[in-house]
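Visitor: My structure is stored as run_27.txt, with compact mmCIF, C-alpha atoms.
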```
# COMPACT_ATOMS: atom_id res chain seq x y z
CA MET A 1 -4.46 10.24 -12.66
CA LYS A 2 -1.68 7.89 -11.61
CA LEU A 3 0.95 9.56 -9.44
CA ALA A 4 4.28 7.77 -9.19
CA THR A 5 7.65 8.11 -7.53
CA PHE A 6 10.39 6.87 -9.83
CA THR A 7 14.16 6.79 -10.27
CA HIS A 8 15.94 7.49 -13.53
CA ASP A 9 19.68 7.96 -13.92
CA GLY A 10 20.12 7.82 -10.15
CA ASN A 11 17.70 10.70 -9.55
CA THR A 12 14.40 10.07 -7.75
CA ARG A 13 11.39 12.33 -8.36
CA ILE A 14 7.65 12.16 -9.04
CA GLY A 15 5.68 11.80 -12.23
CA VAL A 16 2.33 11.01 -13.81
CA VAL A 17 1.88 7.64 -15.50
CA VAL A 18 0.15 7.76 -18.88
CA ASP A 19 -0.23 4.41 -20.64
CA ASP A 20 3.24 2.83 -20.62
CA HIS A 21 5.16 6.07 -19.97
CA VAL A 22 5.81 8.33 -17.00
CA ILE A 23 5.70 12.10 -17.38
CA ASP A 24 8.68 13.62 -15.60
CA LEU A 25 7.12 16.44 -13.59
CA ALA A 26 10.53 17.83 -12.70
CA VAL A 27 10.76 18.82 -16.37
CA ALA A 28 7.11 19.15 -17.40
CA ALA A 29 6.13 21.24 -14.35
CA PRO A 30 9.37 22.39 -12.66
CA ALA A 31 7.58 24.61 -10.13
CA LEU A 32 6.07 21.54 -8.45
CA PRO A 33 7.74 19.73 -5.54
CA THR A 34 9.67 16.64 -6.60
CA GLU A 35 8.81 14.54 -3.52
CA MET A 36 5.37 12.97 -3.06
CA LYS A 37 4.49 14.16 0.45
CA ALA A 38 5.47 17.73 -0.41
CA PHE A 39 3.48 17.45 -3.63
CA LEU A 40 0.36 16.29 -1.76
CA CYS A 41 0.80 19.10 0.77
CA ALA A 42 0.70 21.57 -2.12
CA GLY A 43 -2.98 20.72 -2.55
CA PRO A 44 -5.46 20.96 -5.45
CA ALA A 45 -3.42 23.49 -7.41
CA ALA A 46 -0.49 21.08 -7.61
CA LEU A 47 -2.80 18.27 -8.71
CA ALA A 48 -4.27 20.47 -11.42
CA THR A 49 -0.80 21.39 -12.66
CA ALA A 50 0.22 17.74 -12.77
CA GLY A 51 -2.95 16.88 -14.65
CA ALA A 52 -2.27 19.55 -17.24
CA ALA A 53 1.24 18.13 -17.76
CA GLN A 54 -0.03 14.75 -18.98
CA THR A 55 0.43 15.76 -22.63
CA SER A 56 4.08 16.74 -22.08
CA LYS A 57 6.78 15.11 -24.16
CA ALA A 58 9.04 15.01 -21.08
CA ARG A 59 8.45 11.32 -20.56
CA PHE A 60 10.19 7.97 -20.19
CA PRO A 61 8.97 4.48 -21.03
CA LEU A 62 8.19 2.60 -17.83
CA ALA A 63 10.73 -0.02 -18.91
CA GLN A 64 13.49 2.60 -18.57
CA ILE A 65 12.73 3.71 -15.01
CA THR A 66 12.48 2.12 -11.58
CA LEU A 67 9.20 2.57 -9.76
CA GLU A 68 9.65 3.34 -6.08
CA ALA A 69 7.10 3.24 -3.28
CA PRO A 70 4.81 6.18 -4.15
CA VAL A 71 5.25 7.53 -0.59
CA SER A 72 8.73 6.63 0.59
CA ASN A 73 8.46 7.84 4.18
CA PRO A 74 4.86 8.21 5.37
CA GLN A 75 4.59 9.85 8.76
CA LYS A 76 2.04 7.17 9.64
CA PHE A 77 1.69 3.70 8.10
CA LEU A 78 -1.38 2.10 9.66
CA GLY A 79 -3.06 -1.21 9.04
CA ALA A 80 -6.58 -2.44 9.70
CA GLY A 81 -6.81 -5.85 11.33
CA LEU A 82 -9.54 -8.47 10.90
CA ASN A 83 -11.53 -6.44 8.38
CA TYR A 84 -12.88 -9.16 6.06
CA ALA A 85 -15.41 -11.66 7.39
CA ASP A 86 -13.88 -14.58 5.45
CA HIS A 87 -10.42 -13.79 6.87
CA ILE A 88 -11.85 -13.70 10.40
CA GLU A 89 -13.50 -17.06 9.80
CA GLU A 90 -10.28 -18.69 8.55
CA THR A 91 -8.33 -17.40 11.57
CA GLY A 92 -10.96 -18.51 14.09
CA ARG A 93 -11.12 -15.06 15.66
CA GLU A 94 -14.19 -13.11 16.72
CA GLN A 95 -15.43 -10.25 14.54
CA PRO A 96 -14.42 -6.94 16.15
CA LYS A 97 -17.15 -4.52 17.20
CA TYR A 98 -14.97 -1.55 16.25
CA PRO A 99 -12.22 -1.02 13.66
CA THR A 100 -8.89 -2.44 14.84
CA PHE A 101 -5.59 -0.85 13.82
CA PHE A 102 -1.86 -1.41 14.24
CA ASN A 103 1.30 0.44 13.20
CA LYS A 104 3.68 -0.65 10.50
CA GLN A 105 6.86 1.32 11.13
CA SER A 106 7.60 3.47 8.10
CA SER A 107 11.08 1.96 7.77
CA CYS A 108 9.37 -1.17 6.37
CA VAL A 109 8.26 0.68 3.21
CA ASN A 110 9.53 -1.01 0.07
CA ALA A 111 9.27 -0.46 -3.67
CA PRO A 112 6.52 -2.33 -5.55
CA PHE A 113 8.85 -4.69 -7.42
CA ALA A 114 11.83 -4.82 -5.05
CA PRO A 115 12.89 -7.99 -3.20
CA VAL A 116 11.48 -8.61 0.28
CA TRP A 117 13.72 -10.03 2.99
CA LEU A 118 13.00 -13.23 4.88
CA PRO A 119 14.30 -12.58 8.42
CA ARG A 120 17.62 -14.27 9.01
CA GLY A 121 17.76 -16.69 11.93
CA GLU A 122 13.97 -16.82 12.31
CA ARG A 123 11.58 -19.68 11.73
CA ARG A 124 9.96 -19.48 8.31
CA ARG A 125 6.70 -17.86 9.38
CA THR A 126 6.62 -15.02 6.88
CA ASP A 127 3.21 -14.47 5.27
CA TYR A 128 1.61 -12.28 2.60
CA GLU A 129 -1.52 -10.11 2.88
CA GLY A 130 -2.79 -8.36 -0.25
CA GLU A 131 -4.53 -5.09 0.63
CA LEU A 132 -6.06 -1.94 -0.78
CA ALA A 133 -4.44 1.11 0.80
CA ILE A 134 -5.63 4.70 1.20
CA VAL A 135 -3.21 7.61 0.82
CA ILE A 136 -4.25 10.72 2.72
CA GLY A 137 -4.06 13.99 0.79
CA LYS A 138 -5.09 16.65 3.29
CA ARG A 139 -4.21 17.40 6.92
CA CYS A 140 -7.35 16.56 8.82
CA ARG A 141 -8.85 15.73 12.19
CA ARG A 142 -12.27 14.42 13.27
CA VAL A 143 -13.41 13.79 9.71
CA PRO A 144 -17.10 12.72 9.53
CA ARG A 145 -17.59 9.55 7.53
CA GLU A 146 -19.65 11.42 4.93
CA ARG A 147 -16.74 13.81 4.25
CA ALA A 148 -13.94 11.23 4.18
CA THR A 149 -13.65 11.42 0.39
CA GLU A 150 -12.44 15.03 0.75
CA VAL A 151 -9.18 13.96 2.41
CA ILE A 152 -8.21 11.02 0.16
CA ALA A 153 -5.41 11.67 -2.32
CA GLY A 154 -5.86 8.25 -3.87
CA TYR A 155 -5.43 4.52 -3.51
CA THR A 156 -2.54 2.11 -3.88
CA ILE A 157 -1.65 -1.54 -3.21
CA VAL A 158 0.18 -2.85 -0.14
CA ASP A 159 1.49 -6.28 0.75
CA ASP A 160 1.13 -6.24 4.54
CA VAL A 161 3.93 -8.78 4.93
CA SER A 162 3.59 -10.39 8.35
CA GLN A 163 6.11 -12.26 10.48
CA ARG A 164 3.58 -14.47 12.24
CA ASP A 165 5.72 -15.64 15.17
CA TRP A 166 6.64 -12.05 16.08
CA GLN A 167 3.08 -10.85 15.44
CA GLY A 168 1.90 -12.94 18.38
CA ARG A 169 4.52 -11.64 20.80
CA ALA A 170 2.68 -8.41 21.61
CA VAL A 171 -0.96 -7.31 21.64
CA THR A 172 -0.35 -4.51 19.14
CA MET A 173 1.09 -6.80 16.39
CA THR A 174 3.58 -4.04 15.49
CA LEU A 175 6.65 -6.28 15.90
CA GLY A 176 5.28 -8.76 13.39
CA LYS A 177 4.31 -6.10 10.87
CA SER A 178 7.34 -3.81 10.76
CA TRP A 179 10.35 -5.79 9.58
CA ASP A 180 12.52 -3.95 7.07
CA THR A 181 11.20 -4.33 3.48
CA HIS A 182 7.88 -5.79 4.74
CA GLY A 183 5.78 -2.97 3.30
CA PRO A 184 5.90 -3.25 -0.52
CA MET A 185 3.67 -0.51 -1.90
CA GLY A 186 2.61 0.81 -5.28
CA PRO A 187 2.92 0.74 -8.16
CA TRP A 188 1.51 4.28 -7.94
CA ILE A 189 -1.29 6.30 -6.33
CA VAL A 190 -4.49 6.32 -8.38
CA THR A 191 -6.67 9.36 -7.73
CA PRO A 192 -10.28 8.80 -6.60
CA ASP A 193 -11.80 10.00 -9.87
CA GLU A 194 -10.14 7.06 -11.69
CA VAL A 195 -10.81 4.46 -9.00
CA GLY A 196 -14.50 5.25 -8.57
CA ASP A 197 -16.10 3.25 -5.78
CA PRO A 198 -13.23 1.89 -3.62
CA HIS A 199 -15.62 -0.74 -2.27
CA ALA A 200 -16.16 -2.48 -5.61
CA LEU A 201 -12.62 -3.58 -6.52
CA ASP A 202 -11.53 -7.14 -7.25
CA LEU A 203 -8.43 -8.14 -5.26
CA GLU A 204 -6.23 -11.12 -6.15
CA THR A 205 -3.01 -12.41 -4.63
CA TRP A 206 -0.88 -14.96 -6.47
CA VAL A 207 2.01 -16.95 -4.97
CA ASN A 208 4.27 -18.59 -7.56
CA GLY A 209 1.41 -18.39 -10.04
CA GLU A 210 -1.14 -19.97 -7.68
CA LEU A 211 -4.20 -17.85 -6.87
CA ARG A 212 -4.38 -17.64 -3.08
CA GLN A 213 -6.61 -14.62 -2.41
CA ASN A 214 -9.61 -13.87 -4.62
CA SER A 215 -12.04 -11.34 -3.18
CA ASN A 216 -13.55 -7.89 -3.54
CA THR A 217 -13.27 -4.80 -1.37
CA ARG A 218 -17.06 -4.77 -0.92
CA TYR A 219 -16.54 -7.48 1.71
CA MET A 220 -14.78 -5.11 4.11
CA ILE A 221 -16.47 -4.99 7.50
CA PHE A 222 -15.40 -1.39 8.15
CA ASP A 223 -15.08 0.48 4.85
CA CYS A 224 -12.47 3.05 3.84
CA PHE A 225 -14.53 6.02 4.96
CA GLU A 226 -15.28 4.58 8.38
CA GLN A 227 -11.61 3.83 8.88
CA ILE A 228 -10.71 7.46 8.17
CA ALA A 229 -13.43 8.69 10.52
CA THR A 230 -12.17 6.44 13.30
CA LEU A 231 -8.48 7.22 12.93
CA SER A 232 -8.95 10.98 12.51
CA THR A 233 -10.95 11.07 15.73
CA VAL A 234 -7.85 9.93 17.57
CA CYS A 235 -4.99 11.56 15.67
CA THR A 236 -4.45 14.17 13.00
CA LEU A 237 -3.91 12.57 9.61
CA GLU A 238 -1.28 14.12 7.35
CA PRO A 239 -0.70 14.15 3.58
CA GLY A 240 1.13 10.98 2.64
CA ASP A 241 -0.16 8.90 5.55
CA VAL A 242 -0.98 5.36 4.40
CA ILE A 243 -3.81 3.18 5.69
CA ALA A 244 -3.80 -0.48 4.62
CA THR A 245 -7.45 -1.48 4.82
CA GLY A 246 -7.24 -5.19 5.67
CA THR A 247 -6.85 -8.49 3.86
CA PRO A 248 -9.35 -11.16 2.75
CA SER A 249 -9.05 -14.91 3.26
CA GLY A 250 -6.35 -17.02 1.65
CA VAL A 251 -3.29 -16.16 3.74
CA GLY A 252 -0.64 -18.81 4.24
CA VAL A 253 -1.04 -19.15 8.00
CA ALA A 254 -4.65 -20.32 7.56
CA MET A 255 -3.86 -23.08 5.04
CA GLU A 256 -3.44 -26.76 5.91
CA PRO A 257 -0.58 -27.35 5.92
CA LYS A 258 0.51 -23.77 6.57
CA GLN A 259 2.15 -22.14 3.55
CA TYR A 260 4.78 -19.71 4.79
CA LEU A 261 7.00 -17.96 2.26
CA GLN A 262 10.36 -19.42 1.27
CA PRO A 263 13.41 -18.05 -0.59
CA GLY A 264 12.57 -17.63 -4.26
CA ASP A 265 8.80 -17.37 -3.76
CA ARG A 266 7.12 -14.63 -5.78
CA VAL A 267 3.98 -12.79 -4.65
CA ARG A 268 1.85 -10.77 -7.06
CA ILE A 269 -1.08 -8.66 -5.87
CA GLU A 270 -3.55 -7.19 -8.36
CA ILE A 271 -6.38 -4.76 -7.60
CA ALA A 272 -8.80 -3.67 -10.31
CA ARG A 273 -8.41 -0.10 -11.62
CA ILE A 274 -5.13 0.29 -9.71
CA GLY A 275 -2.61 -2.20 -11.10
CA ALA A 276 -0.27 -4.78 -9.63
CA ILE A 277 2.82 -5.17 -7.49
CA GLU A 278 5.12 -8.19 -7.51
CA HIS A 279 8.11 -9.12 -5.41
CA GLU A 280 10.46 -12.02 -4.75
CA PHE A 281 11.27 -13.15 -1.25
CA ILE A 282 15.00 -13.52 -0.58
CA GLU A 283 17.30 -14.20 2.35
CA GLU A 284 17.95 -11.16 4.51
CA PRO A 285 21.44 -9.82 3.80
CA GLU A 286 24.13 -9.62 6.44
CA PRO A 287 23.64 -6.70 8.86
CA THR A 288 25.60 -3.50 8.36
```
If you convert what's in this file into structure tokens, what do you get?

Guide:
Amino acid sequence: MKLATFTHDGNTRIGVVVDDHVIDLAVAAPALPTEMKAFLCAGPAALATAGAAQTSKARFPLAQITLEAPVSNPQKFLGAGLNYADHIEETGREQPKYPTFFNKQSSCVNAPFAPVWLPRGERRRTDYEGELAIVIGKRCRRVPRERATEVIAGYTIVDDVSQRDWQGRAVTMTLGKSWDTHGPMGPWIVTPDEVGDPHALDLETWVNGELRQNSNTRYMIFDCFEQIATLSTVCTLEPGDVIATGTPSGVGVAMEPKQYLQPGDRVRIEIARIGAIEHEFIEEPEPT
């Protein structure tokens, strides 16, 4: 099942994507919450109700709605660093002995096809990172690796947009990962039954039609389940929390010459059995 957050006629709610339509759950199943985190908190019964609504005629063509980030305000938006061997090699860093994580502040969350801002007044060191992301579906703590599948609501795509000069200013990398709009996510959450093995998914990132990243999630050093086990040992994970699982080689900072993003550049990230997101990079607007 593909779970989406969408806007139609100025009203934002959740739905189920079937082929090239979205089922409006606010109409097809009005007892369900209309916001994604609340829906995930409602548990298996809510998922079953949404699944049963897939034949409803309360639907819109995707062309008539705007897809939003499937989780608009995750309590935690975490990213795994240095998690593909080829990416480590291209950066000249040492392979970590343990999973490495950083925060992306949730205010960076952006819709899957919305413009992304290039920071005004900064050097052009903005970079792309195509990543598979996990969406947590159950409040959990100290999850054993072998039970990690029980707490996953589904998977989505994230561009872990990185401001490389700011990323190097602090050990945690948070400043370089959290600029407004630098967390495009979507186009929807795909439930585990449709994704199958999350460690067998082709991942491609295109910049202006040029293939830059071409890999597979099987090359992760620390897989999705180990990441959940590690994080949940430290902190309670909540429904709607997002974990970006790391990026493969092909990022702009590792190219010669370096290929940072410029106004008008378009980035498209595709992951098998999930879909694609695409966004244009534009000048940051004047502050308000």

Visitor: Could you name the residues that touch Lys76 (chain A) at 7 Å or less, counting only C-alpha atoms, but leaving out those on the same chain fewer than 6 positions away, as a list in words?

Guide: Ser106, Asp241 and Val242 of chain A

Visitor: Would you work out the distance separating CA of Gly209 (chain A) from CA of Ala63 (chain A), expressed in Å to one decimal?

Guide: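 Rounded to one decimal, the two atoms are 22.4 Å apart.
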
Visitor: Skipping near chain neighbours, those fewer than 5 positions away, what residues fall within 9 Å of Lys177 (chain A) using all atoms listed in the file, listed as a PyMOL selection string?

Guide: chain A and resi 102-105+108+160-164+166-167+182-183

Visitor: Find the spatial neighbours of region 126-132 of chain A, counting all atoms listed in the file, within a cut-off of 9 Å - ignore same-chain residues fewer than 6 positions away - and output them as a PyMOL selection string.

Guide: chain A and resi 118-119+155-165+198+201+203-205+207+213+217+243-253+259-262+267-271

Visitor: Rank A:Cys140, A:Val116, A:Val22, A:Ala254 by their smallest atom-to-atom distance to Cys235 (chain A), using all atoms listed in the file, and report the top residue only.

Guide: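 Between A:Cys140, A:Val116, A:Val22, A:Ala254, the residue approaching Cys235 (chain A) most closely is A:Cys140.
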
Visitor: Looking at A:Arg120, A:Lys37, A:Thr12, A:Ala229, which one is nearest to Asn73 (chain A), with distances taken over all atoms listed in the file?

Guide: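 Nearest candidate to Asn73 (chain A) out of A:Arg120, A:Lys37, A:Thr12, A:Ala229: A:Lys37.
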
Visitor: Mind filling out region 78-89 of chain A with N, CA and C atoms and sending it as an mmCIF file, in the coordinates of the input?

Guide:
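File produced: part.cif:
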```
data_model
loop_
_atom_site.group_PDB
_atom_site.id
_atom_site.type_symbol
_atom_site.label_atom_id
_atom_site.label_comp_id
_atom_site.auth_asym_id
_atom_site.auth_seq_id
_atom_site.Cartn_x
_atom_site.Cartn_y
_atom_site.Cartn_z
ATOM 1 N N LEU A 78 -0.440 2.794 8.786
ATOM 2 C CA LEU A 78 -1.380 2.100 9.660
ATOM 3 C C LEU A 78 -2.053 0.963 8.921
ATOM 4 N N GLY A 79 -2.393 -0.075 9.649
ATOM 5 C CA GLY A 79 -3.060 -1.210 9.040
ATOM 6 C C GLY A 79 -4.311 -1.579 9.815
ATOM 7 N N ALA A 80 -5.343 -1.976 9.083
ATOM 8 C CA ALA A 80 -6.580 -2.440 9.700
ATOM 9 C C ALA A 80 -6.504 -3.955 9.871
ATOM 10 N N GLY A 81 -6.834 -4.420 11.057
ATOM 11 C CA GLY A 81 -6.810 -5.850 11.330
ATOM 12 C C GLY A 81 -8.200 -6.457 11.285
ATOM 13 N N LEU A 82 -8.280 -7.718 10.874
ATOM 14 C CA LEU A 82 -9.540 -8.470 10.900
ATOM 15 C C LEU A 82 -10.689 -7.678 10.278
ATOM 16 N N ASN A 83 -10.532 -7.313 9.017
ATOM 17 C CA ASN A 83 -11.530 -6.440 8.380
ATOM 18 C C ASN A 83 -12.283 -7.100 7.242
ATOM 19 N N TYR A 84 -12.077 -8.399 7.023
ATOM 20 C CA TYR A 84 -12.880 -9.160 6.060
ATOM 21 C C TYR A 84 -13.455 -10.367 6.794
ATOM 22 N N ALA A 85 -14.748 -10.590 6.644
ATOM 23 C CA ALA A 85 -15.410 -11.660 7.390
ATOM 24 C C ALA A 85 -14.791 -13.021 7.079
ATOM 25 N N ASP A 86 -14.435 -13.269 5.799
ATOM 26 C CA ASP A 86 -13.880 -14.580 5.450
ATOM 27 C C ASP A 86 -12.503 -14.779 6.076
ATOM 28 N N HIS A 87 -11.725 -13.690 6.219
ATOM 29 C CA HIS A 87 -10.420 -13.790 6.870
ATOM 30 C C HIS A 87 -10.582 -14.074 8.361
ATOM 31 N N ILE A 88 -11.577 -13.435 8.980
ATOM 32 C CA ILE A 88 -11.850 -13.700 10.400
ATOM 33 C C ILE A 88 -12.231 -15.158 10.595
ATOM 34 N N GLU A 89 -13.050 -15.672 9.691
ATOM 35 C CA GLU A 89 -13.500 -17.060 9.800
ATOM 36 C C GLU A 89 -12.316 -18.028 9.692
#
```
